[in-house]
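Engineer: I am attaching a structure below and will ask some questions about it afterwards.
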Amino acid sequence: MRVRVDRVEGRRHDGGPAPGRKARRRRLLAYGIPSAILVVVAVIAAVTSLSGHGEGRPAPAGTVRAGAARTTLLQPGEPVPDFSAPGLAGARVTWTEARAGDPAVLVVWASWCPHCQRELPVVARVARGFPGVRVVTVTTAIGAHPGPSPEEFVRSQHLVFPTAVDDAASTLAAALGVRSFPTVFWVGKDGRVTAVTEGERGEAAVRAAFQALASA
């Protein structure tokens, strides 16, 4: 027999007494409070999940600061806009501090890009022979395509140069006018671009570009 509770008269339609206030209160304590706790736990878990930078990729704390977005690629003779962003290794990366007044190679790359995957180890290998030339990189378009995370790639290749982490809006890439990967800016002591290369290059070409910076 289906039992329906009449809330107005306080009696059951089968003739039995309506549940009392104490009984309702006991049910609330037994079921309502644990349910509320489960809801709170679920909300906390959801917020924690959203705070990550993709599956298994925690987003570094902090914001990205750079110049205004460009419609064209930064060209030779132009200064690199001073930028600041979370660092892949934890410490914040600021352009002027990272290059410290030395000539520098600024590489903009994406960890899923096969050309970047081949180019960055070449840059790292050649850079060992030019201690007076700094290497600074920007990893961007994170998670845009399948592939290793920036952390996974850097760790697998034992790369140790400062790496700034771009945000979801690609603020750093936009401030440099970058549209393809890898893009490399060869920067003189005065902070101005001396040359720009796009795409993968061989070791001989990379070495010649380092040599030109070191000799300037």
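A note on labels: chains of the structure tokens are A, B, ... as shown, every chain counts residues from 1, and ligands are counted from 1 in their shown order.
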Write out as a ChimeraX atom specification each polymer residue whose atoms come within 10 Å of Gly101 in chain A, counting only C-alpha atoms; drop sequence neighbours fewer than 4 positions from it.
Structural biologist: /A:96-97,133-134,188-191
Engineer: Give me the residues within 8 Å of Ser111 in chain A as JSON, numbers by chain, counting only C-alpha atoms and dropping any in the same chain fewer than 4 places off.
Structural biologist: {"A": [116, 117, 139, 142, 147, 148, 149, 150, 153]}
Engineer: Just checking: using only C-alpha atoms, which residue out of A:Val206, A:Ala110, A:Ala164, A:Val154 ends up closest to Thr140 in chain A?
Structural biologist: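 Result for the nearest residue to Thr140 in chain A: A:Ala110.
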Engineer: A:Arg192, A:His158, A:Arg179, A:Arg207: which is nearest Ala69 in chain A, counting only C-alpha atoms?
Structural biologist: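 Closest candidate: A:Arg179.
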Engineer: Out of A:Glu78, A:Glu151, A:Asp167, A:Glu200, which residue has the shortest atom-to-atom distance to Cys113 in chain A when counting only C-alpha atoms?
Structural biologist: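 Closest to Cys113 in chain A of all the choices is A:Glu200.
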Engineer: What does the distance between CA of Ala205 in chain A and CA of Val107 in chain A come to in Å, to one decimal place?
Structural biologist: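 Atom-to-atom, CA of Ala205 in chain A to CA of Val107 in chain A, that is 14.9 Å.
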Engineer: Within 12 Å of Ala104 in chain A, counting only C-alpha atoms, which residues qualify if same-chain residues fewer than 5 places away don't, as a PyMOL selection string?
Structural biologist: chain A and resi 80+95-99+123+127+130-137+161-162+184-195+209-214+216
Engineer: Can you measure CA of Leu176 in chain A to CA of His115 in chain A for me? One decimal in Å is fine.
Structural biologist: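 CA of Leu176 in chain A sits 19.3 Å away from CA of His115 in chain A.
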Engineer: Write out as a list of chain:residue names all residues of range 154-184 of chain A that DSSP puts in strand (DSSP E) for this structure's backbone.
Structural biologist: A:Thr163, A:Ala164, A:Val165, A:Thr183, A:Val184
Engineer: Please measure the separation of CA of Thr94 in chain A and CA of Pro121 in chain A, giving the value in Å to one decimal.
Structural biologist: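 Computed distance, CA of Thr94 in chain A to CA of Pro121 in chain A, equals 22.5 Å.
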Engineer: Output as a list in words all residues of range 174-213 of chain A that backbone DSSP marks as helix (DSSP H, G or I).
Structural biologist: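 Assigned to helix (DSSP H, G or I), within range 174-213 of chain A: Ala174, Ala175, Leu176, Glu203, Ala204, Ala205, Val206, Arg207, Ala208, Ala209, Phe210, Gln211, Ala212 and Leu213 of chain A.
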Engineer: Given only C-alpha atoms as the basis, pick out the residue of A:Gly143, A:Gly202, A:Gly67, A:Pro76 nearest to Ala168 in chain A.
Structural biologist: A:Gly143
